Amino acid sequence: QLKVVESGSHLVQPGGSLRLSCAASAFSLDDYAIGWYRQRPGKEREGVSCISRRTDGPYYQKSVKGRFTISRDNAKNTVYLRMDSLKPEDTAVYYCAAVLSVLDRVYRIRDSYSYWGQGTQVSVSS
């Protein structure tokens with residue numbers, strides 16, 4: 001099971017910051033590549049960022065590049081998504097996802113992921 005925990009208020013003003021955490025309760029994330037996805041109102045779920053087990057990537061969607069940072073702390077069994085300079089169009093339900101990976105690579109295809117968190121609402125509004 002993956003659990004998404006947000007640090008800070010889920011309602012953020014434009015220009016604000018928020019950090020999301022993704023923790024696994026039943027397994028170690030050491031051997032898993034991780035992706036962050038979001039689903040904006042009326043839109044398909046889309047990839048935001050992904051990171052490999054170790055050193056490949058990270059990859060960012062063009063609209064968040066330079067504003068979002070993905071990182072992982074395997075000692076804490078947690079992956080983070082730091083979101084800065086938030087915009088109203090970042091409003092969405094955010095999900096983390098994990099896939100067991102022998103290779104040190106990122107996965108950019110949504111169907112690659114085996115485990116999904118429950119999602120957390122992030123709202124950016126003044």
# chains A, B, ... in the order shown; residues from 1 in each chain; ligands from 1
call {"tool": "residues_around", "arguments": {"residues": "segment 27-40 of chain A", "least_positions_apart": "6", "cutoff": "6 Å", "atoms": "only C-alpha atoms", "output": "list of chain:residue names"}}
result
A:Glu46, A:Gly47, A:Val48, A:Ser49, A:Cys50, A:Ile51, A:Ser52, A:Arg53, A:Asn74, A:Asn77, A:Ala92, A:Val93, A:Tyr94, A:Tyr95, A:Cys96, A:Ala97, A:Ala98, A:Val99, A:Leu100, A:Ser101
call {"tool": "write_last_selection", "arguments": {"atoms": "C-alpha atoms", "output": "mmCIF file, in the first residue's frame"}}
result
data_model
loop_
_atom_site.group_PDB
_atom_site.id
_atom_site.type_symbol
_atom_site.label_atom_id
_atom_site.label_comp_id
_atom_site.auth_asym_id
_atom_site.auth_seq_id
_atom_site.Cartn_x
_atom_site.Cartn_y
_atom_site.Cartn_z
ATOM 1 C CA GLU A 46 -1.331 12.879 -16.374
ATOM 2 C CA GLY A 47 2.254 12.270 -15.415
ATOM 3 C CA VAL A 48 3.963 15.041 -13.489
ATOM 4 C CA SER A 49 7.329 13.621 -12.578
ATOM 5 C CA CYS A 50 9.118 10.307 -12.126
ATOM 6 C CA ILE A 51 12.313 9.010 -10.633
ATOM 7 C CA SER A 52 14.222 5.751 -10.870
ATOM 8 C CA ARG A 53 15.448 3.488 -8.093
ATOM 9 C CA ASN A 74 15.209 5.384 0.773
ATOM 10 C CA ASN A 77 11.072 4.738 2.605
ATOM 11 C CA ALA A 92 -5.662 18.587 -9.026
ATOM 12 C CA VAL A 93 -5.757 15.333 -7.141
ATOM 13 C CA TYR A 94 -2.162 14.151 -6.879
ATOM 14 C CA TYR A 95 -1.205 10.481 -6.824
ATOM 15 C CA CYS A 96 2.042 8.648 -6.317
ATOM 16 C CA ALA A 97 2.672 5.332 -8.009
ATOM 17 C CA ALA A 98 5.334 2.648 -7.766
ATOM 18 C CA VAL A 99 6.659 -0.088 -10.020
ATOM 19 C CA LEU A 100 9.132 -2.809 -9.100
ATOM 20 C CA SER A 101 12.125 -2.319 -11.379
#
call {"tool": "residues_around", "arguments": {"residues": "Gly15 of chain A", "least_positions_apart": "4", "cutoff": "8 Å", "atoms": "only C-alpha atoms", "output": "PyMOL selection string"}}
result
chain A and resi 84-87
call {"tool": "write_last_selection", "arguments": {"atoms": "all heavy atoms", "output": "compact mmCIF listing (two decimals), in the first residue's frame"}}
result
# COMPACT_ATOMS: atom_id res chain seq x y z
N ASP A 84 6.76 24.28 -5.90
CA ASP A 84 6.95 25.71 -5.65
C ASP A 84 6.27 26.52 -6.76
O ASP A 84 5.96 25.99 -7.82
CB ASP A 84 8.44 26.05 -5.60
CG ASP A 84 9.15 25.39 -4.43
OD1 ASP A 84 8.62 25.46 -3.31
OD2 ASP A 84 10.23 24.81 -4.65
N SER A 85 6.10 27.79 -6.50
CA SER A 85 5.49 28.71 -7.48
C SER A 85 4.21 28.12 -8.05
O SER A 85 3.98 28.10 -9.26
CB SER A 85 6.48 29.00 -8.63
OG SER A 85 7.68 29.54 -8.12
N LEU A 86 3.37 27.65 -7.15
CA LEU A 86 2.15 26.98 -7.59
C LEU A 86 1.21 27.93 -8.32
O LEU A 86 1.12 29.13 -8.00
CB LEU A 86 1.45 26.37 -6.38
CG LEU A 86 2.07 25.05 -5.89
CD1 LEU A 86 1.62 24.73 -4.47
CD2 LEU A 86 1.71 23.91 -6.84
N LYS A 87 0.53 27.37 -9.30
CA LYS A 87 -0.40 28.13 -10.13
C LYS A 87 -1.81 27.52 -9.99
O LYS A 87 -1.94 26.33 -9.67
CB LYS A 87 0.03 28.05 -11.59
CG LYS A 87 1.44 28.53 -11.86
CD LYS A 87 1.81 28.32 -13.32
CE LYS A 87 3.23 28.79 -13.60
NZ LYS A 87 3.60 28.60 -15.02
call {"tool": "select_by_dssp", "arguments": {"residues": "segment 17-96 of chain A", "states": "helix (DSSP H, G or I)", "output": "ChimeraX atom specification"}}
result
/A:29-31,74-76,88-90
call {"tool": "atom_distance", "arguments": {"atom1": "atom CA of Arg110 of chain A", "atom2": "atom CA of Ser63 of chain A"}}
result
17.7 Å
call {"tool": "closest_residue", "arguments": {"among": "A:Arg54, A:Arg82, A:Ser114, A:Arg105", "to": "Gly66 of chain A", "atoms": "only C-alpha atoms"}}
result
A:Arg82
call {"tool": "residues_around", "arguments": {"residues": "Met83 of chain A", "least_positions_apart": "5", "cutoff": "12 Å", "atoms": "only C-alpha atoms", "output": "ChimeraX atom specification"}}
result
/A:6-8,10,12,14-21,36,48-49,60,63-71,90-91,94,122,124
call {"tool": "closest_residue", "arguments": {"among": "A:Gln118, A:Ala23, A:Val102, A:Lys62", "to": "Tyr80 of chain A", "atoms": "only C-alpha atoms"}}
result
A:Ala23
call {"tool": "select_by_dssp", "arguments": {"residues": "segment 13-92 of chain A", "states": "strand (DSSP E or B)", "output": "CSV table (one decimal) with all heavy atoms, in the first residue's frame"}}
result
chain,number,residue,atom,x,y,z
A,18,LEU,N,4.2,23.6,-1.5
A,18,LEU,CA,3.6,22.5,-0.8
A,18,LEU,C,4.5,21.3,-1.1
A,18,LEU,O,5.1,21.2,-2.1
A,18,LEU,CB,2.2,22.2,-1.3
A,18,LEU,CG,1.4,21.2,-0.6
A,18,LEU,CD1,1.1,21.7,0.8
A,18,LEU,CD2,0.1,21.0,-1.3
A,19,ARG,N,4.7,20.5,-0.1
A,19,ARG,CA,5.4,19.2,-0.3
A,19,ARG,C,4.5,18.0,0.0
A,19,ARG,O,3.9,17.9,1.0
A,19,ARG,CB,6.7,19.2,0.6
A,19,ARG,CG,7.6,18.0,0.3
A,19,ARG,CD,8.8,17.9,1.2
A,19,ARG,NE,8.4,17.4,2.5
A,19,ARG,CZ,9.3,16.9,3.4
A,19,ARG,NH1,10.6,17.0,3.1
A,19,ARG,NH2,8.9,16.5,4.6
A,20,LEU,N,4.5,17.2,-1.0
A,20,LEU,CA,3.8,15.9,-0.9
A,20,LEU,C,4.8,14.8,-0.6
A,20,LEU,O,5.9,14.8,-1.1
A,20,LEU,CB,3.0,15.6,-2.1
A,20,LEU,CG,2.0,16.6,-2.6
A,20,LEU,CD1,1.3,16.2,-3.9
A,20,LEU,CD2,1.0,16.9,-1.5
A,21,SER,N,4.4,13.9,0.3
A,21,SER,CA,5.2,12.7,0.6
A,21,SER,C,4.5,11.5,0.2
A,21,SER,O,3.2,11.4,0.3
A,21,SER,CB,5.5,12.7,2.1
A,21,SER,OG,6.1,13.8,2.6
A,22,CYS,N,5.2,10.5,-0.2
A,22,CYS,CA,4.6,9.2,-0.6
A,22,CYS,C,5.4,8.1,0.1
A,22,CYS,O,6.6,8.0,-0.1
A,22,CYS,CB,4.8,9.0,-2.1
A,22,CYS,SG,4.2,7.4,-2.7
A,23,ALA,N,4.7,7.4,1.0
A,23,ALA,CA,5.4,6.4,1.9
A,23,ALA,C,4.7,5.1,1.6
A,23,ALA,O,3.5,5.0,1.4
A,23,ALA,CB,5.3,6.8,3.3
A,24,ALA,N,5.5,4.0,1.7
A,24,ALA,CA,5.0,2.7,1.5
A,24,ALA,C,5.0,2.0,2.9
A,24,ALA,O,5.9,2.1,3.7
A,24,ALA,CB,5.9,1.9,0.6
A,32,TYR,N,12.0,0.2,-6.2
A,32,TYR,CA,10.8,0.7,-7.0
A,32,TYR,C,11.1,2.0,-7.6
A,32,TYR,O,11.7,2.9,-7.0
A,32,TYR,CB,9.6,0.8,-6.1
A,32,TYR,CG,9.0,-0.5,-5.7
A,32,TYR,CD1,9.6,-1.3,-4.7
A,32,TYR,CD2,7.8,-1.0,-6.3
A,32,TYR,CE1,9.0,-2.5,-4.4
A,32,TYR,CE2,7.2,-2.2,-6.0
A,32,TYR,CZ,7.8,-2.9,-5.0
A,32,TYR,OH,7.3,-4.1,-4.6
A,33,ALA,N,10.7,2.1,-8.9
A,33,ALA,CA,10.7,3.4,-9.5
A,33,ALA,C,9.4,4.1,-9.2
A,33,ALA,O,8.4,3.4,-9.0
A,33,ALA,CB,10.8,3.3,-11.0
A,34,ILE,N,9.4,5.4,-9.0
A,34,ILE,CA,8.2,6.1,-8.5
A,34,ILE,C,7.8,7.2,-9.5
A,34,ILE,O,8.6,7.8,-10.2
A,34,ILE,CB,8.6,6.8,-7.2
A,34,ILE,CG1,9.1,5.8,-6.2
A,34,ILE,CG2,7.4,7.6,-6.7
A,34,ILE,CD1,8.1,4.8,-5.7
A,35,GLY,N,6.5,7.3,-9.6
A,35,GLY,CA,6.0,8.4,-10.4
A,35,GLY,C,4.9,9.2,-9.6
A,35,GLY,O,4.3,8.7,-8.7
A,36,TRP,N,4.8,10.5,-10.0
A,36,TRP,CA,3.8,11.3,-9.4
A,36,TRP,C,2.9,11.7,-10.6
A,36,TRP,O,3.3,12.1,-11.7
A,36,TRP,CB,4.3,12.6,-8.8
A,36,TRP,CG,4.9,12.4,-7.5
A,36,TRP,CD1,6.2,12.3,-7.2
A,36,TRP,CD2,4.2,12.4,-6.2
A,36,TRP,NE1,6.4,12.1,-5.8
A,36,TRP,CE2,5.2,12.2,-5.2
A,36,TRP,CE3,2.9,12.5,-5.9
A,36,TRP,CZ2,4.8,12.2,-3.9
A,36,TRP,CZ3,2.5,12.5,-4.5
A,36,TRP,CH2,3.5,12.3,-3.6
A,37,TYR,N,1.6,11.5,-10.4
A,37,TYR,CA,0.6,11.8,-11.4
A,37,TYR,C,-0.5,12.8,-10.8
A,37,TYR,O,-0.5,13.0,-9.5
A,37,TYR,CB,-0.2,10.6,-11.8
A,37,TYR,CG,0.7,9.7,-12.8
A,37,TYR,CD1,1.7,9.0,-12.3
A,37,TYR,CD2,0.4,9.7,-14.1
A,37,TYR,CE1,2.5,8.2,-13.2
A,37,TYR,CE2,1.1,9.0,-15.0
A,37,TYR,CZ,2.2,8.3,-14.6
A,37,TYR,OH,2.9,7.5,-15.5
A,38,ARG,N,-1.2,13.4,-11.6
A,38,ARG,CA,-2.3,14.3,-11.1
A,38,ARG,C,-3.5,14.2,-12.1
A,38,ARG,O,-3.3,13.9,-13.3
A,38,ARG,CB,-1.8,15.7,-11.0
A,38,ARG,CG,-1.5,16.5,-12.3
A,38,ARG,CD,-1.0,17.9,-12.0
A,38,ARG,NE,-0.7,18.6,-13.3
A,38,ARG,CZ,-0.1,19.8,-13.3
A,38,ARG,NH1,0.2,20.4,-12.2
A,38,ARG,NH2,0.1,20.4,-14.5
A,39,GLN,N,-4.6,14.5,-11.5
A,39,GLN,CA,-5.8,14.5,-12.3
A,39,GLN,C,-6.5,15.9,-12.1
A,39,GLN,O,-7.1,16.1,-11.0
A,39,GLN,CB,-6.7,13.4,-12.0
A,39,GLN,CG,-7.9,13.2,-13.0
A,39,GLN,CD,-8.5,11.9,-13.0
A,39,GLN,OE1,-8.3,11.0,-12.2
A,39,GLN,NE2,-9.3,11.6,-14.0
A,45,ARG,N,-5.9,11.6,-16.2
A,45,ARG,CA,-4.7,11.6,-15.2
A,45,ARG,C,-3.4,11.7,-16.1
A,45,ARG,O,-3.3,11.1,-17.1
A,45,ARG,CB,-4.7,10.3,-14.5
A,45,ARG,CG,-3.7,10.3,-13.3
A,45,ARG,CD,-3.9,9.0,-12.5
A,45,ARG,NE,-5.2,8.9,-11.9
A,45,ARG,CZ,-5.5,8.0,-11.0
A,45,ARG,NH1,-4.6,7.1,-10.6
A,45,ARG,NH2,-6.7,7.9,-10.5
A,46,GLU,N,-2.5,12.6,-15.6
A,46,GLU,CA,-1.3,12.9,-16.4
A,46,GLU,C,-0.1,12.7,-15.5
A,46,GLU,O,-0.1,13.0,-14.3
A,46,GLU,CB,-1.4,14.3,-16.9
A,46,GLU,CG,-1.5,15.4,-15.9
A,46,GLU,CD,-1.6,16.8,-16.5
A,46,GLU,OE1,-1.5,16.9,-17.7
A,46,GLU,OE2,-1.7,17.7,-15.7
A,47,GLY,N,1.0,12.4,-16.1
A,47,GLY,CA,2.3,12.3,-15.4
A,47,GLY,C,2.8,13.6,-15.1
A,47,GLY,O,2.8,14.5,-16.0
A,48,VAL,N,3.4,13.8,-13.9
A,48,VAL,CA,4.0,15.0,-13.5
A,48,VAL,C,5.5,14.9,-13.4
A,48,VAL,O,6.2,15.7,-13.9
A,48,VAL,CB,3.4,15.5,-12.1
A,48,VAL,CG1,4.1,16.7,-11.6
A,48,VAL,CG2,1.9,15.7,-12.2
A,49,SER,N,5.9,13.8,-12.8
A,49,SER,CA,7.3,13.6,-12.6
A,49,SER,C,7.6,12.2,-12.2
A,49,SER,O,6.7,11.5,-11.7
A,49,SER,CB,7.9,14.5,-11.4
A,49,SER,OG,9.2,14.3,-11.3
A,50,CYS,N,8.8,11.7,-12.5
A,50,CYS,CA,9.1,10.3,-12.1
A,50,CYS,C,10.6,10.2,-11.8
A,50,CYS,O,11.4,11.0,-12.3
A,50,CYS,CB,8.7,9.3,-13.2
A,50,CYS,SG,9.2,9.7,-14.9
A,51,ILE,N,10.9,9.2,-11.1
A,51,ILE,CA,12.3,9.0,-10.6
A,51,ILE,C,12.6,7.5,-10.6
A,51,ILE,O,11.7,6.7,-10.3
A,51,ILE,CB,12.5,9.7,-9.3
A,51,ILE,CG1,14.0,9.8,-8.9
A,51,ILE,CG2,11.8,9.0,-8.2
A,51,ILE,CD1,14.3,10.7,-7.7
A,59,TYR,N,12.5,12.9,-14.4
A,59,TYR,CA,11.8,13.4,-15.5
A,59,TYR,C,10.7,14.3,-15.0
A,59,TYR,O,10.1,14.0,-14.0
A,59,TYR,CB,11.2,12.3,-16.4
A,59,TYR,CG,10.1,12.8,-17.3
A,59,TYR,CD1,10.5,13.4,-18.5
A,59,TYR,CD2,8.8,12.7,-17.0
A,59,TYR,CE1,9.5,13.9,-19.4
A,59,TYR,CE2,7.8,13.2,-17.8
A,59,TYR,CZ,8.2,13.8,-19.0
A,59,TYR,OH,7.2,14.3,-19.9
A,60,TYR,N,10.5,15.5,-15.7
A,60,TYR,CA,9.4,16.4,-15.3
A,60,TYR,C,8.6,16.7,-16.6
A,60,TYR,O,9.1,16.9,-17.6
A,60,TYR,CB,10.0,17.7,-14.8
A,60,TYR,CG,10.7,17.5,-13.5
A,60,TYR,CD1,12.1,17.4,-13.5
A,60,TYR,CD2,10.0,17.4,-12.3
A,60,TYR,CE1,12.8,17.2,-12.3
A,60,TYR,CE2,10.7,17.3,-11.1
A,60,TYR,CZ,12.1,17.2,-11.1
A,60,TYR,OH,12.8,17.0,-9.9
A,65,LYS,N,8.3,21.8,-14.9
A,65,LYS,CA,9.8,21.8,-14.9
A,65,LYS,C,10.3,23.1,-14.4
A,65,LYS,O,9.8,24.2,-14.8
A,65,LYS,CB,10.3,21.5,-16.3
A,65,LYS,CG,11.8,21.1,-16.3
A,65,LYS,CD,12.2,20.6,-17.6
A,65,LYS,CE,13.6,20.0,-17.6
A,65,LYS,NZ,14.0,19.5,-18.9
A,68,PHE,N,8.7,22.1,-9.8
A,68,PHE,CA,8.5,21.0,-9.0
A,68,PHE,C,9.8,20.2,-8.9
A,68,PHE,O,10.6,20.2,-9.8
A,68,PHE,CB,7.5,20.0,-9.6
A,68,PHE,CG,6.0,20.5,-9.5
A,68,PHE,CD1,5.7,21.9,-9.2
A,68,PHE,CD2,5.0,19.7,-9.8
A,68,PHE,CE1,4.4,22.3,-9.1
A,68,PHE,CE2,3.7,20.1,-9.7
A,68,PHE,CZ,3.4,21.4,-9.4
A,69,THR,N,10.0,19.6,-7.7
A,69,THR,CA,11.2,18.7,-7.5
A,69,THR,C,10.8,17.4,-6.9
A,69,THR,O,10.2,17.4,-5.8
A,69,THR,CB,12.2,19.5,-6.6
A,69,THR,OG1,12.6,20.8,-7.2
A,69,THR,CG2,13.5,18.6,-6.5
A,70,ILE,N,11.2,16.3,-7.6
A,70,ILE,CA,11.0,15.0,-7.0
A,70,ILE,C,12.3,14.5,-6.4
A,70,ILE,O,13.4,14.8,-6.9
A,70,ILE,CB,10.5,14.0,-8.1
A,70,ILE,CG1,10.1,12.7,-7.5
A,70,ILE,CG2,11.6,13.8,-9.2
A,70,ILE,CD1,9.4,11.8,-8.5
A,71,SER,N,12.2,13.9,-5.2
A,71,SER,CA,13.3,13.3,-4.6
A,71,SER,C,12.9,12.1,-3.8
A,71,SER,O,11.7,11.9,-3.5
A,71,SER,CB,14.0,14.4,-3.7
A,71,SER,OG,13.1,14.8,-2.6
A,72,ARG,N,13.9,11.3,-3.4
A,72,ARG,CA,13.6,10.1,-2.6
A,72,ARG,C,14.6,10.0,-1.5
A,72,ARG,O,15.7,10.3,-1.6
A,72,ARG,CB,13.5,8.9,-3.5
A,72,ARG,CG,14.8,8.5,-4.2
A,72,ARG,CD,14.5,7.4,-5.2
A,72,ARG,NE,13.9,6.2,-4.5
A,72,ARG,CZ,13.2,5.3,-5.1
A,72,ARG,NH1,13.0,5.4,-6.4
A,72,ARG,NH2,12.7,4.3,-4.5
A,73,ASP,N,14.1,9.5,-0.4
A,73,ASP,CA,14.9,9.1,0.8
A,73,ASP,C,14.6,7.7,1.1
A,73,ASP,O,13.7,7.4,1.8
A,73,ASP,CB,14.6,10.1,2.0
A,73,ASP,CG,15.5,9.9,3.1
A,73,ASP,OD1,16.1,8.8,3.2
A,73,ASP,OD2,15.5,10.8,4.0
A,78,THR,N,10.5,6.9,1.6
A,78,THR,CA,9.6,7.9,1.3
A,78,THR,C,10.1,8.6,0.0
A,78,THR,O,11.3,8.8,-0.2
A,78,THR,CB,9.5,9.0,2.4
A,78,THR,OG1,9.0,8.3,3.6
A,78,THR,CG2,8.5,10.1,2.0
A,79,VAL,N,9.2,9.0,-0.8
A,79,VAL,CA,9.5,9.9,-2.0
A,79,VAL,C,8.7,11.2,-1.9
A,79,VAL,O,7.6,11.2,-1.4
A,79,VAL,CB,9.1,9.1,-3.3
A,79,VAL,CG1,9.3,10.0,-4.5
A,79,VAL,CG2,9.9,7.8,-3.4
A,80,TYR,N,9.3,12.3,-2.3
A,80,TYR,CA,8.7,13.6,-2.1
A,80,TYR,C,8.5,14.3,-3.4
A,80,TYR,O,9.2,14.0,-4.4
A,80,TYR,CB,9.6,14.5,-1.3
A,80,TYR,CG,10.0,13.9,0.1
A,80,TYR,CD1,11.2,13.2,0.3
A,80,TYR,CD2,9.2,14.0,1.2
A,80,TYR,CE1,11.6,12.7,1.5
A,80,TYR,CE2,9.5,13.5,2.4
A,80,TYR,CZ,10.7,12.8,2.6
A,80,TYR,OH,11.0,12.3,3.8
A,81,LEU,N,7.5,15.1,-3.4
A,81,LEU,CA,7.3,16.0,-4.5
A,81,LEU,C,7.1,17.4,-3.9
A,81,LEU,O,6.1,17.8,-3.3
A,81,LEU,CB,6.0,15.7,-5.3
A,81,LEU,CG,5.8,16.6,-6.6
A,81,LEU,CD1,6.9,16.3,-7.6
A,81,LEU,CD2,4.4,16.4,-7.2
A,82,ARG,N,8.2,18.2,-4.1
A,82,ARG,CA,8.2,19.6,-3.7
A,82,ARG,C,7.6,20.4,-4.8
A,82,ARG,O,8.1,20.4,-5.9
A,82,ARG,CB,9.6,20.0,-3.3
A,82,ARG,CG,9.7,21.5,-3.0
A,82,ARG,CD,9.2,21.9,-1.7
A,82,ARG,NE,9.3,23.4,-1.5
A,82,ARG,CZ,9.1,23.9,-0.3
A,82,ARG,NH1,8.8,23.2,0.8
A,82,ARG,NH2,9.2,25.2,-0.2
A,83,MET,N,6.6,21.2,-4.5
A,83,MET,CA,5.9,22.1,-5.5
A,83,MET,C,6.1,23.5,-5.1
A,83,MET,O,5.6,23.9,-4.0
A,83,MET,CB,4.5,21.7,-5.6
A,83,MET,CG,4.3,20.2,-5.9
A,83,MET,SD,2.5,19.7,-6.2
A,83,MET,CE,1.9,19.9,-4.6
A,92,ALA,N,-5.4,20.0,-8.6
A,92,ALA,CA,-5.7,18.6,-9.0
A,92,ALA,C,-5.6,17.6,-7.8
A,92,ALA,O,-5.2,18.0,-6.7
A,92,ALA,CB,-4.6,18.2,-10.0
call {"tool": "atom_distance", "arguments": {"atom1": "atom CA of Arg108 of chain A", "atom2": "atom CA of Ser25 of chain A"}}
result
23.8 Å
call {"tool": "closest_residue", "arguments": {"among": "A:Asp104, A:Asp56, A:Asp111, A:Glu89", "to": "Ser123 of chain A", "atoms": "only C-alpha atoms"}}
result
A:Glu89
